[in-house]
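Asks: One file is attached below, coords.cif, containing mmCIF, C-alpha atoms.
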```
data_protein
#
loop_
_atom_site.label_atom_id
_atom_site.label_comp_id
_atom_site.auth_asym_id
_atom_site.auth_seq_id
_atom_site.Cartn_x
_atom_site.Cartn_y
_atom_site.Cartn_z
CA MET A 45 114.43 126.67 112.05
CA LEU A 46 115.17 124.19 109.25
CA ASP A 47 113.66 121.27 111.16
CA GLN A 48 110.27 123.02 110.96
CA ILE A 49 110.41 123.25 107.16
CA HIS A 50 112.61 120.44 105.81
CA LEU A 51 109.68 118.24 104.74
CA LEU A 52 107.95 121.23 103.10
CA ALA A 53 111.22 122.03 101.31
CA ALA A 54 111.54 118.42 100.11
CA VAL A 55 107.98 118.36 98.75
CA SER A 56 108.56 121.76 97.08
CA VAL A 57 111.64 120.47 95.25
CA LEU A 58 109.75 117.32 94.18
CA GLY A 59 107.03 119.63 92.86
CA VAL A 60 109.64 121.56 90.86
CA LEU A 61 110.90 118.29 89.37
CA GLU A 62 107.33 117.41 88.39
CA GLN A 63 106.88 120.80 86.70
CA ALA A 64 110.17 120.21 84.84
CA TYR A 65 108.78 116.86 83.63
CA PHE A 66 105.57 118.55 82.40
CA SER A 67 107.60 121.25 80.58
CA LEU A 68 109.67 118.58 78.82
CA GLN A 69 106.45 116.85 77.72
CA VAL A 70 105.33 120.09 76.03
CA ILE A 71 108.68 120.33 74.23
CA TYR A 72 108.29 116.72 73.01
CA ALA A 73 104.68 117.43 71.93
CA ARG A 74 105.83 120.51 70.00
CA ARG A 75 108.31 118.30 68.11
CA THR A 76 105.83 115.46 67.53
CA TYR A 77 103.13 117.72 66.07
CA GLY A 78 105.49 120.28 64.48
CA ILE A 79 104.18 123.27 66.44
CA SER A 80 107.04 125.78 66.64
CA PRO A 81 107.00 128.58 69.25
CA PRO A 82 105.45 131.12 69.57
CA LYS A 83 102.45 129.11 68.21
CA ILE A 84 100.28 127.54 70.90
CA SER A 85 97.40 126.16 68.81
CA GLY A 86 97.37 122.94 66.82
CA PRO A 87 95.73 119.52 66.86
CA PRO A 88 93.74 118.66 70.03
CA GLU A 89 96.47 116.13 70.99
CA PHE A 90 98.99 118.97 71.22
CA GLU A 91 96.61 121.47 72.81
CA ARG A 92 95.70 119.02 75.57
CA VAL A 93 99.35 118.54 76.56
CA PHE A 94 99.91 122.31 76.35
CA ARG A 95 96.86 123.12 78.48
CA ALA A 96 97.64 120.35 80.99
CA GLN A 97 101.07 121.88 81.60
CA ALA A 98 99.67 125.44 81.67
CA ASN A 99 97.04 124.44 84.24
CA CYS A 100 99.57 122.66 86.48
CA SER A 101 101.90 125.69 86.25
CA GLU A 102 99.07 128.03 87.19
CA TYR A 103 98.25 125.99 90.29
CA PHE A 104 101.87 125.45 91.34
CA PRO A 105 102.32 128.75 93.27
CA ILE A 106 98.87 128.30 94.83
CA PHE A 107 99.87 124.80 95.93
CA LEU A 108 103.20 126.03 97.36
CA ALA A 109 101.49 128.89 99.23
CA VAL A 110 99.00 126.63 101.04
CA LEU A 111 101.55 123.84 101.53
CA TRP A 112 103.83 126.19 103.48
CA GLN A 113 101.09 127.90 105.51
CA ALA A 114 99.50 124.55 106.44
CA GLY A 115 102.90 123.09 107.25
CA LEU A 116 103.98 126.05 109.39
CA PHE A 117 100.70 126.69 111.20
CA PHE A 118 99.08 123.26 111.38
CA HIS A 119 101.40 120.22 111.09
CA GLN A 120 104.45 119.71 108.90
CA GLY A 121 104.31 115.92 108.51
CA LEU A 122 100.61 115.68 107.68
CA THR A 123 100.92 118.61 105.28
CA ALA A 124 103.91 117.07 103.49
CA ALA A 125 101.99 113.78 103.08
CA LEU A 126 99.04 115.67 101.58
CA GLY A 127 101.53 117.54 99.39
CA LEU A 128 102.84 114.25 97.98
CA LEU A 129 99.24 113.17 97.35
CA TYR A 130 98.62 116.44 95.48
CA LEU A 131 101.72 115.99 93.30
CA TYR A 132 100.66 112.41 92.52
CA SER A 133 97.14 113.54 91.56
CA ARG A 134 98.66 116.25 89.33
CA TYR A 135 100.69 113.54 87.56
CA ARG A 136 97.50 111.52 87.04
CA TYR A 137 95.79 114.70 85.79
CA PHE A 138 98.55 115.34 83.25
CA VAL A 139 98.56 111.76 81.95
CA GLY A 140 94.75 111.67 81.86
CA TYR A 141 94.43 115.02 80.03
CA LYS A 142 97.09 113.94 77.53
CA ALA A 143 94.96 110.89 76.66
CA SER A 144 91.60 112.70 76.47
CA SER A 145 89.78 115.80 77.72
CA SER A 146 87.50 113.73 79.94
CA GLY A 147 90.52 111.84 81.32
CA ARG A 148 91.54 114.97 83.20
CA LEU A 149 88.32 115.20 85.22
CA ALA A 150 88.66 112.56 87.96
CA PRO A 151 92.24 113.50 88.99
CA MET A 152 91.33 117.21 88.65
CA TYR A 153 88.54 116.83 91.21
CA PHE A 154 90.83 114.74 93.42
CA SER A 155 93.67 117.29 93.31
CA ALA A 156 91.17 120.09 94.01
CA GLY A 157 89.94 118.12 97.03
CA VAL A 158 93.48 117.74 98.40
CA LEU A 159 94.06 121.46 97.83
CA TRP A 160 90.88 122.35 99.73
CA ILE A 161 92.00 120.17 102.65
CA LEU A 162 95.35 121.99 102.68
CA ILE A 163 93.54 125.35 102.55
CA GLY A 164 91.35 124.19 105.46
CA LEU A 165 94.36 123.09 107.54
CA ALA A 166 96.16 126.37 106.84
CA ALA A 167 93.06 128.41 107.75
CA VAL A 168 92.47 126.46 110.98
CA GLY A 169 96.16 126.74 111.95
CA ILE A 170 96.33 130.48 111.28
CA LEU A 171 92.98 131.19 113.00
CA HIS A 172 94.14 129.23 116.04
CA PHE A 173 97.35 131.27 116.12
CA LEU A 174 95.50 134.59 115.70
CA LEU A 175 93.03 133.76 118.51
CA PHE A 176 95.84 132.81 120.86
CA HIS A 177 98.09 135.72 119.86
CA TYR A 178 95.53 138.54 119.99
CA VAL A 179 92.76 137.26 122.28
CA GLY A 180 94.79 134.90 124.44
CA LEU A 181 92.29 132.17 123.67
CA ASN A 182 93.67 128.63 123.44
CA VAL A 183 91.00 126.81 121.48
CA LEU A 184 92.66 123.43 122.04
CA LEU A 185 92.42 123.84 125.82
CA PHE A 186 88.84 125.08 125.46
CA ILE A 187 87.87 121.96 123.53
CA SER A 188 89.48 119.66 126.08
CA LEU A 189 87.44 121.07 129.00
CA MET B 153 109.04 132.84 114.40
CA LEU B 154 105.34 132.50 113.55
CA ASP B 155 104.43 135.84 115.13
CA GLN B 156 106.59 137.55 112.49
CA ILE B 157 104.66 135.95 109.62
CA HIS B 158 101.12 135.16 110.79
CA LEU B 159 99.52 138.19 109.08
CA LEU B 160 101.45 137.47 105.86
CA ALA B 161 100.28 133.85 106.07
CA ALA B 162 96.65 134.97 106.57
CA VAL B 163 96.78 137.32 103.55
CA SER B 164 98.42 134.55 101.47
CA VAL B 165 95.60 132.12 102.26
CA LEU B 166 92.99 134.79 101.46
CA GLY B 167 94.80 135.31 98.15
CA VAL B 168 94.57 131.58 97.45
CA LEU B 169 90.83 131.69 98.14
CA GLU B 170 90.51 134.59 95.71
CA GLN B 171 92.39 132.63 93.03
CA ALA B 172 90.07 129.67 93.67
CA TYR B 173 87.09 131.99 93.12
CA PHE B 174 88.58 133.25 89.81
CA SER B 175 89.20 129.64 88.67
CA LEU B 176 85.59 128.71 89.41
CA GLN B 177 84.43 131.72 87.35
CA VAL B 178 86.37 130.37 84.35
CA ILE B 179 84.73 126.96 84.79
CA TYR B 180 81.28 128.64 84.87
CA ALA B 181 82.16 130.76 81.80
CA ARG B 182 83.27 127.59 79.94
CA ARG B 183 79.85 126.06 80.64
CA THR B 184 77.90 129.23 79.79
CA TYR B 185 79.59 129.70 76.41
CA GLY B 186 80.14 126.01 75.67
CA ILE B 187 83.94 126.24 75.39
CA SER B 188 85.32 122.81 76.29
CA PRO B 189 88.98 122.38 77.26
CA PRO B 190 91.57 122.45 75.77
CA LYS B 191 89.98 125.33 73.74
CA ILE B 192 90.78 128.79 75.10
CA SER B 193 89.25 130.99 72.38
CA GLY B 194 85.61 131.91 71.99
CA PRO B 195 83.31 134.93 72.24
CA PRO B 196 84.88 138.06 73.83
CA GLU B 197 82.70 137.53 76.94
CA PHE B 198 84.45 134.20 77.55
CA GLU B 199 87.93 135.40 76.57
CA ARG B 200 87.71 138.34 78.98
CA VAL B 201 86.96 136.05 81.93
CA PHE B 202 89.69 133.65 80.79
CA ARG B 203 92.29 136.41 80.43
CA ALA B 204 91.27 138.09 83.70
CA GLN B 205 91.94 134.83 85.55
CA ALA B 206 95.17 134.20 83.62
CA ASN B 207 96.44 137.69 84.42
CA CYS B 208 95.63 137.38 88.13
CA SER B 209 97.31 133.95 88.23
CA GLU B 210 100.42 135.34 86.56
CA TYR B 211 100.70 138.13 89.13
CA PHE B 212 99.93 135.92 92.13
CA PRO B 213 103.49 134.60 92.71
CA ILE B 214 104.86 138.12 92.12
CA PHE B 215 102.44 139.47 94.71
CA LEU B 216 103.35 136.76 97.23
CA ALA B 217 107.09 137.34 96.71
CA VAL B 218 106.92 141.07 97.45
CA LEU B 219 104.31 140.65 100.20
CA TRP B 220 106.67 138.37 102.15
CA GLN B 221 109.85 140.40 101.55
CA ALA B 222 108.10 143.66 102.51
CA GLY B 223 106.52 142.01 105.55
CA LEU B 224 109.76 140.44 106.76
CA PHE B 225 112.12 143.36 106.04
CA PHE B 226 109.87 146.41 106.46
CA HIS B 227 106.70 146.01 108.56
CA GLN B 228 104.32 143.07 108.79
CA GLY B 229 101.12 144.95 109.72
CA LEU B 230 101.42 147.68 107.08
CA THR B 231 102.35 145.10 104.46
CA ALA B 232 99.39 142.86 105.31
CA ALA B 233 97.03 145.87 105.05
CA LEU B 234 98.45 146.71 101.61
CA GLY B 235 98.12 143.03 100.71
CA LEU B 236 94.39 143.14 101.50
CA LEU B 237 94.10 146.29 99.39
CA TYR B 238 95.84 144.48 96.52
CA LEU B 239 93.48 141.48 96.76
CA TYR B 240 90.48 143.83 96.80
CA SER B 241 91.76 145.69 93.71
CA ARG B 242 92.28 142.34 91.96
CA TYR B 243 88.66 141.45 92.68
CA ARG B 244 87.58 144.79 91.18
CA TYR B 245 89.86 144.10 88.20
CA PHE B 246 88.28 140.69 87.62
CA VAL B 247 84.70 142.00 87.86
CA GLY B 248 85.55 145.02 85.69
CA TYR B 249 87.30 142.94 83.00
CA LYS B 250 84.39 140.47 82.96
CA ALA B 251 82.04 143.37 82.14
CA SER B 252 84.22 145.06 79.51
CA SER B 253 87.84 145.38 78.37
CA SER B 254 87.97 149.01 79.47
CA GLY B 255 86.47 148.08 82.85
CA ARG B 256 89.74 146.37 83.77
CA LEU B 257 91.84 149.52 83.42
CA ALA B 258 91.16 151.57 86.58
CA PRO B 259 91.56 148.64 89.05
CA MET B 260 94.55 147.38 87.00
CA TYR B 261 96.37 150.68 87.51
CA PHE B 262 95.34 150.73 91.16
CA SER B 263 96.58 147.17 91.82
CA ALA B 264 99.83 147.98 89.98
CA GLY B 265 100.24 151.03 92.25
CA VAL B 266 99.79 148.91 95.39
CA LEU B 267 102.29 146.39 94.02
CA TRP B 268 104.85 149.13 93.37
CA ILE B 269 104.43 150.40 96.94
CA LEU B 270 105.04 146.87 98.23
CA ILE B 271 108.12 146.57 95.97
CA GLY B 272 109.35 149.90 97.34
CA LEU B 273 108.84 148.85 100.97
CA ALA B 274 110.61 145.53 100.32
CA ALA B 275 113.52 147.28 98.57
CA VAL B 276 113.90 149.87 101.35
CA GLY B 277 113.71 147.18 104.04
CA ILE B 278 116.27 144.93 102.37
CA LEU B 279 118.63 147.83 101.54
CA HIS B 280 118.44 148.97 105.16
CA PHE B 281 119.29 145.45 106.32
CA LEU B 282 122.18 145.11 103.83
CA LEU B 283 123.69 148.48 104.83
CA PHE B 284 123.51 147.58 108.52
CA HIS B 285 124.71 144.00 108.03
CA TYR B 286 127.68 144.65 105.72
CA VAL B 287 128.62 148.30 106.33
CA GLY B 288 127.41 148.65 109.91
CA LEU B 289 125.46 151.72 108.85
CA ASN B 290 122.18 152.31 110.67
CA VAL B 291 120.32 154.64 108.32
CA LEU B 292 117.53 155.23 110.84
CA LEU B 293 120.01 156.55 113.44
CA PHE B 294 121.72 158.61 110.74
CA ILE B 295 118.44 160.28 109.80
CA SER B 296 117.58 161.05 113.42
CA LEU B 297 120.81 163.00 114.02
CA MET C 246 116.64 134.86 111.04
CA LEU C 247 116.83 137.64 108.43
CA ASP C 248 120.59 137.23 107.98
CA GLN C 249 119.95 133.73 106.61
CA ILE C 250 117.61 135.03 103.90
CA HIS C 251 118.51 138.65 103.08
CA LEU C 252 120.39 137.77 99.86
CA LEU C 253 117.56 135.46 98.76
CA ALA C 254 115.09 138.28 99.49
CA ALA C 255 117.17 140.75 97.46
CA VAL C 256 117.36 138.39 94.45
CA SER C 257 113.60 137.73 94.74
CA VAL C 258 112.81 141.45 94.58
CA LEU C 259 115.16 141.89 91.61
CA GLY C 260 113.30 139.02 89.95
CA VAL C 261 110.00 140.80 90.55
CA LEU C 262 111.42 143.96 88.95
CA GLU C 263 112.48 141.88 85.94
CA GLN C 264 108.96 140.41 85.64
CA ALA C 265 107.55 143.96 85.82
CA TYR C 266 109.86 144.93 82.95
CA PHE C 267 108.66 141.96 80.86
CA SER C 268 105.01 142.85 81.57
CA LEU C 269 105.58 146.43 80.42
CA GLN C 270 107.15 145.11 77.20
CA VAL C 271 103.94 143.16 76.49
CA ILE C 272 101.88 146.33 77.04
CA TYR C 273 104.14 148.25 74.59
CA ALA C 274 103.91 145.39 72.05
CA ARG C 275 100.09 145.42 72.34
CA ARG C 276 100.13 149.13 71.48
CA THR C 277 102.68 148.78 68.65
CA TYR C 278 100.78 145.99 66.91
CA GLY C 279 97.28 147.13 67.90
CA ILE C 280 96.36 143.91 69.75
CA SER C 281 93.75 144.87 72.37
CA PRO C 282 93.02 142.57 75.31
CA PRO C 283 91.60 139.94 75.61
CA LYS C 284 93.18 139.02 72.22
CA ILE C 285 96.49 137.16 72.50
CA SER C 286 97.14 136.28 68.85
CA GLY C 287 98.57 138.55 66.19
CA PRO C 288 101.70 138.93 64.06
CA PRO C 289 104.67 136.69 65.08
CA GLU C 290 106.50 139.80 66.38
CA PHE C 291 103.75 140.31 68.96
CA GLU C 292 103.29 136.62 69.76
CA ARG C 293 107.00 136.18 70.45
CA VAL C 294 106.99 138.99 73.04
CA PHE C 295 103.76 137.62 74.54
CA ARG C 296 105.10 134.07 74.78
CA ALA C 297 108.50 135.22 76.10
CA GLN C 298 106.74 136.98 78.98
CA ALA C 299 104.35 134.07 79.56
CA ASN C 300 107.25 131.60 79.68
CA CYS C 301 109.26 133.73 82.13
CA SER C 302 106.14 134.15 84.32
CA GLU C 303 105.54 130.41 84.31
CA TYR C 304 109.10 129.72 85.46
CA PHE C 305 109.19 132.50 88.06
CA PRO C 306 107.55 130.56 90.95
CA ILE C 307 109.66 127.51 90.06
CA PHE C 308 112.78 129.68 90.21
CA LEU C 309 111.77 131.23 93.55
CA ALA C 310 110.98 127.80 95.04
CA VAL C 311 114.42 126.33 94.24
CA LEU C 312 116.24 129.58 95.01
CA TRP C 313 114.90 129.56 98.57
CA GLN C 314 115.39 125.84 99.20
CA ALA C 315 118.95 125.93 97.84
CA GLY C 316 119.69 129.09 99.81
CA LEU C 317 118.28 127.75 103.07
CA PHE C 318 119.62 124.19 102.87
CA PHE C 319 122.85 124.56 100.88
CA HIS C 320 124.50 128.02 100.84
CA GLN C 321 122.89 131.45 100.67
CA GLY C 322 125.71 133.37 98.94
CA LEU C 323 126.37 130.81 96.19
CA THR C 324 122.63 130.43 95.61
CA ALA C 325 122.08 134.19 95.35
CA ALA C 326 124.93 134.45 92.81
CA LEU C 327 123.35 131.66 90.73
CA GLY C 328 120.01 133.45 91.10
CA LEU C 329 121.48 136.62 89.58
CA LEU C 330 122.90 134.51 86.74
CA TYR C 331 119.44 133.02 86.17
CA LEU C 332 117.79 136.46 86.06
CA TYR C 333 120.45 137.68 83.60
CA SER C 334 119.91 134.62 81.35
CA ARG C 335 116.15 135.25 81.46
CA TYR C 336 116.76 138.81 80.28
CA ARG C 337 118.87 137.47 77.40
CA TYR C 338 116.11 134.95 76.66
CA PHE C 339 113.48 137.69 76.50
CA VAL C 340 115.55 139.93 74.23
CA GLY C 341 116.56 136.98 72.03
CA TYR C 342 112.97 135.67 71.69
CA LYS C 343 111.73 139.18 70.88
CA ALA C 344 114.19 139.29 67.94
CA SER C 345 113.53 135.78 66.61
CA SER C 346 112.24 132.37 67.67
CA SER C 347 115.70 130.82 67.35
CA GLY C 348 117.19 133.70 69.35
CA ARG C 349 115.53 132.31 72.46
CA LEU C 350 117.30 128.93 72.31
CA ALA C 351 120.83 129.59 73.62
CA PRO C 352 119.76 131.63 76.70
CA MET C 353 116.87 129.16 77.27
CA TYR C 354 119.32 126.26 77.55
CA PHE C 355 121.62 128.36 79.73
CA SER C 356 118.84 129.41 82.12
CA ALA C 357 117.64 125.78 82.28
CA GLY C 358 121.19 124.75 83.18
CA VAL C 359 121.35 127.28 86.02
CA LEU C 360 117.96 126.09 87.24
CA TRP C 361 119.13 122.45 87.25
CA ILE C 362 122.21 123.44 89.28
CA LEU C 363 119.93 125.18 91.80
CA ILE C 364 117.67 122.11 91.91
CA GLY C 365 120.77 119.95 92.50
CA LEU C 366 122.04 122.19 95.32
CA ALA C 367 118.61 122.23 96.96
CA ALA C 368 118.29 118.43 96.67
CA VAL C 369 121.78 117.84 98.10
CA GLY C 370 121.17 120.29 100.94
CA ILE C 371 117.81 118.80 101.88
CA LEU C 372 119.05 115.19 101.59
CA HIS C 373 122.00 116.06 103.83
CA PHE C 374 119.61 117.57 106.38
CA LEU C 375 117.23 114.58 106.24
CA LEU C 376 120.08 112.06 106.70
CA PHE C 377 121.45 113.97 109.68
CA HIS C 378 118.02 114.65 111.20
CA TYR C 379 116.51 111.16 110.90
CA VAL C 380 119.53 108.80 110.65
CA GLY C 381 122.08 110.85 112.56
CA LEU C 382 124.43 110.49 109.62
CA ASN C 383 126.74 113.43 108.94
CA VAL C 384 127.76 112.88 105.33
CA LEU C 385 130.33 115.69 105.46
CA LEU C 386 132.20 113.97 108.33
CA PHE C 387 131.91 110.65 106.52
CA ILE C 388 133.55 112.10 103.41
CA SER C 389 136.38 113.66 105.41
CA LEU C 390 137.41 110.36 107.01
#
```
Render the structure in this file as structure tokens.

Replies:
Amino acid sequence: MLDQIHLLAAVSVLGVLEQAYFSLQVIYARRTYGISPPKISGPPEFERVFRAQANCSEYFPIFLAVLWQAGLFFHQGLTAALGLLYLYSRYRYFVGYKASSSGRLAPMYFSAGVLWILIGLAAVGILHFLLFHYVGLNVLLFISL
Amino acid sequence: MLDQIHLLAAVSVLGVLEQAYFSLQVIYARRTYGISPPKISGPPEFERVFRAQANCSEYFPIFLAVLWQAGLFFHQGLTAALGLLYLYSRYRYFVGYKASSSGRLAPMYFSAGVLWILIGLAAVGILHFLLFHYVGLNVLLFISL
Amino acid sequence: MLDQIHLLAAVSVLGVLEQAYFSLQVIYARRTYGISPPKISGPPEFERVFRAQANCSEYFPIFLAVLWQAGLFFHQGLTAALGLLYLYSRYRYFVGYKASSSGRLAPMYFSAGVLWILIGLAAVGILHFLLFHYVGLNVLLFISL
């Protein structure tokens, strides 16, 4: 079983390390701008770092959910490669947002694009499985006729 | 293996699509009320949409965790049906909260009820497995005596 | 398959119950201090409970992700025990943060420590699998020479 998920597992752990990096950046920003918990408002420089981390955290379970469905039902290797691309674009998003509000936009659109591709792969893989499982229809064979 | 999880995978991807819809609603609300990131406060109309999305995001990993445990340890089909019901109640919650603070209450209680049922199914399924695995006790046989 | 994940599933469901407890505490705090949704600011006593819950929610998918990778690729029993320790430290964190901002620090560091151990176990387990799967290298045999 593990050989069907080891690349997904590796990308998931890399994603956790990235989230840990973002969380540490918020702690550093709290110190730099003197914003003690539970406060979450302050100068825009602090709020951008805080929101960048909050946004990445919010998307992390969504990313994991599609990563695993796409990897299990479509193709593990391709999915893991797209997963690495997503994590890289999230890093660019964080760094861009930290610098300026507009700096978040380009990597945000890029990461959303990668996520939509993963959603598409997962949907295609699951639909293909459902058609074969319940209707006995092998779409791949049908296409190759 | 995939035939034990394909319905859970399908509901998970539908849940991701729902979260994507909620996120887009926040982007539209930001434009409508002119609230640029990283700001998260504004008129109540904006804050309700923002909080509705935040609340759904917060519950999404909790929902996925119980959906998969209930589906794996109790019954996949029943669990997937309850999962669809949960996603529908979350949609009603979002629409209700967007309209008014009190409009979130009825679907909030309903979605919490569905979640508790899923938690119950997961707990029963796992307990049954643990009893059989470690004590050799088959509760289902015991009941049927 | 279920005997490789039943302890991870049990810890996951316990984690969900803990998150439900934290969410209820926020609802009680909203009533106590008269902070109606969508408002999220108020007296420090309320904001500490709100932020404690938000922080635990943010870390929950991260915790689940490493719990499952460590359990699948390293050792299920050890991982589940560390998972229980993490959930206990999160409870201490919540109670400590509710009392005072500084009360969150000791259990926060402890829970972060447990999380890093889980990340380490997951990384070691996955690396070991990758080396064996792609290079044919069994590190455990190599060590025992």

Asks: Only residues of chain B matter here; which ones have an atom within 7 Å of chain A, counting only C-alpha atoms? Give them as a tab-separated table (two decimals) with C-alpha atoms, in the coordinates of the input.

Replies:
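File iface07.tsv, as written:
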```tsv
chain	number	residue	atom	x	y	z
B	158	HIS	CA	101.12	135.16	110.79
B	161	ALA	CA	100.28	133.85	106.07
B	162	ALA	CA	96.65	134.97	106.57
B	164	SER	CA	98.42	134.55	101.47
B	165	VAL	CA	95.60	132.12	102.26
B	168	VAL	CA	94.57	131.58	97.45
B	189	PRO	CA	88.98	122.38	77.26
B	190	PRO	CA	91.57	122.45	75.77
B	209	SER	CA	97.31	133.95	88.23
B	213	PRO	CA	103.49	134.60	92.71
```

Asks: Of the candidates B:Cys208, B:Phe174, B:Asp155, B:Leu169, which one gets nearest to Leu162 of chain A if we count all atoms listed in the file?

Replies: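 Smallest separation from Leu162 of chain A among the options: B:Leu169.
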
Asks: Would you work out the distance separating atom CA of Ala265 of chain C from atom CA of Ala299 of chain C, expressed in Å to one decimal?

Replies: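 A separation of 12.1 Å between them.
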
Asks: Would you kindly identify which residues have an atom no farther than 8 Å from (119.0, 134.7, 97.1), using only C-alpha atoms and the file's own coordinates, and write them out as number ranges by chain?

Replies: C: 250-257, 312-313, 316, 321-322, 324-326, 328

Asks: Return the single residue from B:Val178, B:Ala258, B:Leu292, B:Leu166 that is closest to Ile192 of chain B, with distances computed using all atoms listed in the file.

Replies: B:Val178

Asks: Work out how far apart atom CA of Val340 of chain C and atom CA of Glu263 of chain C are and give it in Å to one decimal.

Replies: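 Distance between the two atoms: 12.3 Å.
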
Asks: What gap, in Å, lies between atom CA of Val266 of chain B and atom CA of Leu236 of chain B?

Replies: 10.0 Å

Asks: Could you check which residues have any atom within 9 Å of (94.5, 115.7, 89.8), counting all atoms listed in the file with coordinates taken straight from the file, and then list them as a list of chain:residue names?

Replies: A:Tyr130, A:Leu131, A:Tyr132, A:Ser133, A:Arg134, A:Tyr135, A:Arg136, A:Tyr137, A:Phe138, A:Gly140, A:Arg148, A:Leu149, A:Ala150, A:Pro151, A:Met152, A:Tyr153, A:Phe154, A:Ser155, A:Ala156, A:Gly157, A:Val158

Asks: Box for segment 325-343 of chain C - axis-aligned, 6 Å on each of the six sides, all listed atoms - centre and size in Å to one decimal, as lines of an AutoDock Vina configuration file.

Replies:
```
center_x = 118.3
center_y = 135.8
center_z = 83.1
size_x = 25.2
size_y = 20.3
size_z = 36.5
```

Asks: Add whatever atoms are absent from segment 345-358 of chain C to reach N, CA and C atoms, and provide the output as a PDB file, keeping the file's coordinate frame.

Replies:
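Wrote it out as rebuild.pdb, contents follow:
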```pdb
ATOM      1  N   SER C 345     113.864 136.925  67.458  1.00  0.00           N
ATOM      2  CA  SER C 345     113.530 135.780  66.610  1.00  0.00           C
ATOM      3  C   SER C 345     113.286 134.540  67.467  1.00  0.00           C
ATOM      4  N   SER C 346     112.537 133.580  66.912  1.00  0.00           N
ATOM      5  CA  SER C 346     112.240 132.370  67.670  1.00  0.00           C
ATOM      6  C   SER C 346     113.519 131.609  68.013  1.00  0.00           C
ATOM      7  N   SER C 347     114.464 131.560  67.079  1.00  0.00           N
ATOM      8  CA  SER C 347     115.700 130.820  67.350  1.00  0.00           C
ATOM      9  C   SER C 347     116.591 131.572  68.335  1.00  0.00           C
ATOM     10  N   GLY C 348     116.380 132.896  68.438  1.00  0.00           N
ATOM     11  CA  GLY C 348     117.190 133.700  69.350  1.00  0.00           C
ATOM     12  C   GLY C 348     116.933 133.381  70.811  1.00  0.00           C
ATOM     13  N   ARG C 349     115.836 132.656  71.073  1.00  0.00           N
ATOM     14  CA  ARG C 349     115.530 132.310  72.460  1.00  0.00           C
ATOM     15  C   ARG C 349     116.301 131.075  72.916  1.00  0.00           C
ATOM     16  N   LEU C 350     116.813 130.277  71.965  1.00  0.00           N
ATOM     17  CA  LEU C 350     117.300 128.930  72.310  1.00  0.00           C
ATOM     18  C   LEU C 350     118.525 128.924  73.220  1.00  0.00           C
ATOM     19  N   ALA C 351     119.594 129.649  72.822  1.00  0.00           N
ATOM     20  CA  ALA C 351     120.830 129.590  73.620  1.00  0.00           C
ATOM     21  C   ALA C 351     120.590 130.042  75.067  1.00  0.00           C
ATOM     22  N   PRO C 352     120.001 131.235  75.301  1.00  0.00           N
ATOM     23  CA  PRO C 352     119.760 131.630  76.700  1.00  0.00           C
ATOM     24  C   PRO C 352     118.740 130.733  77.410  1.00  0.00           C
ATOM     25  N   MET C 353     117.832 130.085  76.652  1.00  0.00           N
ATOM     26  CA  MET C 353     116.870 129.160  77.270  1.00  0.00           C
ATOM     27  C   MET C 353     117.609 127.955  77.847  1.00  0.00           C
ATOM     28  N   TYR C 354     118.537 127.385  77.052  1.00  0.00           N
ATOM     29  CA  TYR C 354     119.320 126.260  77.550  1.00  0.00           C
ATOM     30  C   TYR C 354     120.178 126.673  78.726  1.00  0.00           C
ATOM     31  N   PHE C 355     120.765 127.886  78.644  1.00  0.00           N
ATOM     32  CA  PHE C 355     121.620 128.360  79.730  1.00  0.00           C
ATOM     33  C   PHE C 355     120.818 128.532  81.014  1.00  0.00           C
ATOM     34  N   SER C 356     119.644 129.189  80.915  1.00  0.00           N
ATOM     35  CA  SER C 356     118.840 129.410  82.120  1.00  0.00           C
ATOM     36  C   SER C 356     118.360 128.072  82.685  1.00  0.00           C
ATOM     37  N   ALA C 357     118.039 127.105  81.795  1.00  0.00           N
ATOM     38  CA  ALA C 357     117.640 125.780  82.280  1.00  0.00           C
ATOM     39  C   ALA C 357     118.799 125.120  83.021  1.00  0.00           C
ATOM     40  N   GLY C 358     120.016 125.313  82.506  1.00  0.00           N
ATOM     41  CA  GLY C 358     121.190 124.750  83.180  1.00  0.00           C
ATOM     42  C   GLY C 358     121.371 125.317  84.579  1.00  0.00           C
TER      43      GLY C 358
END
```
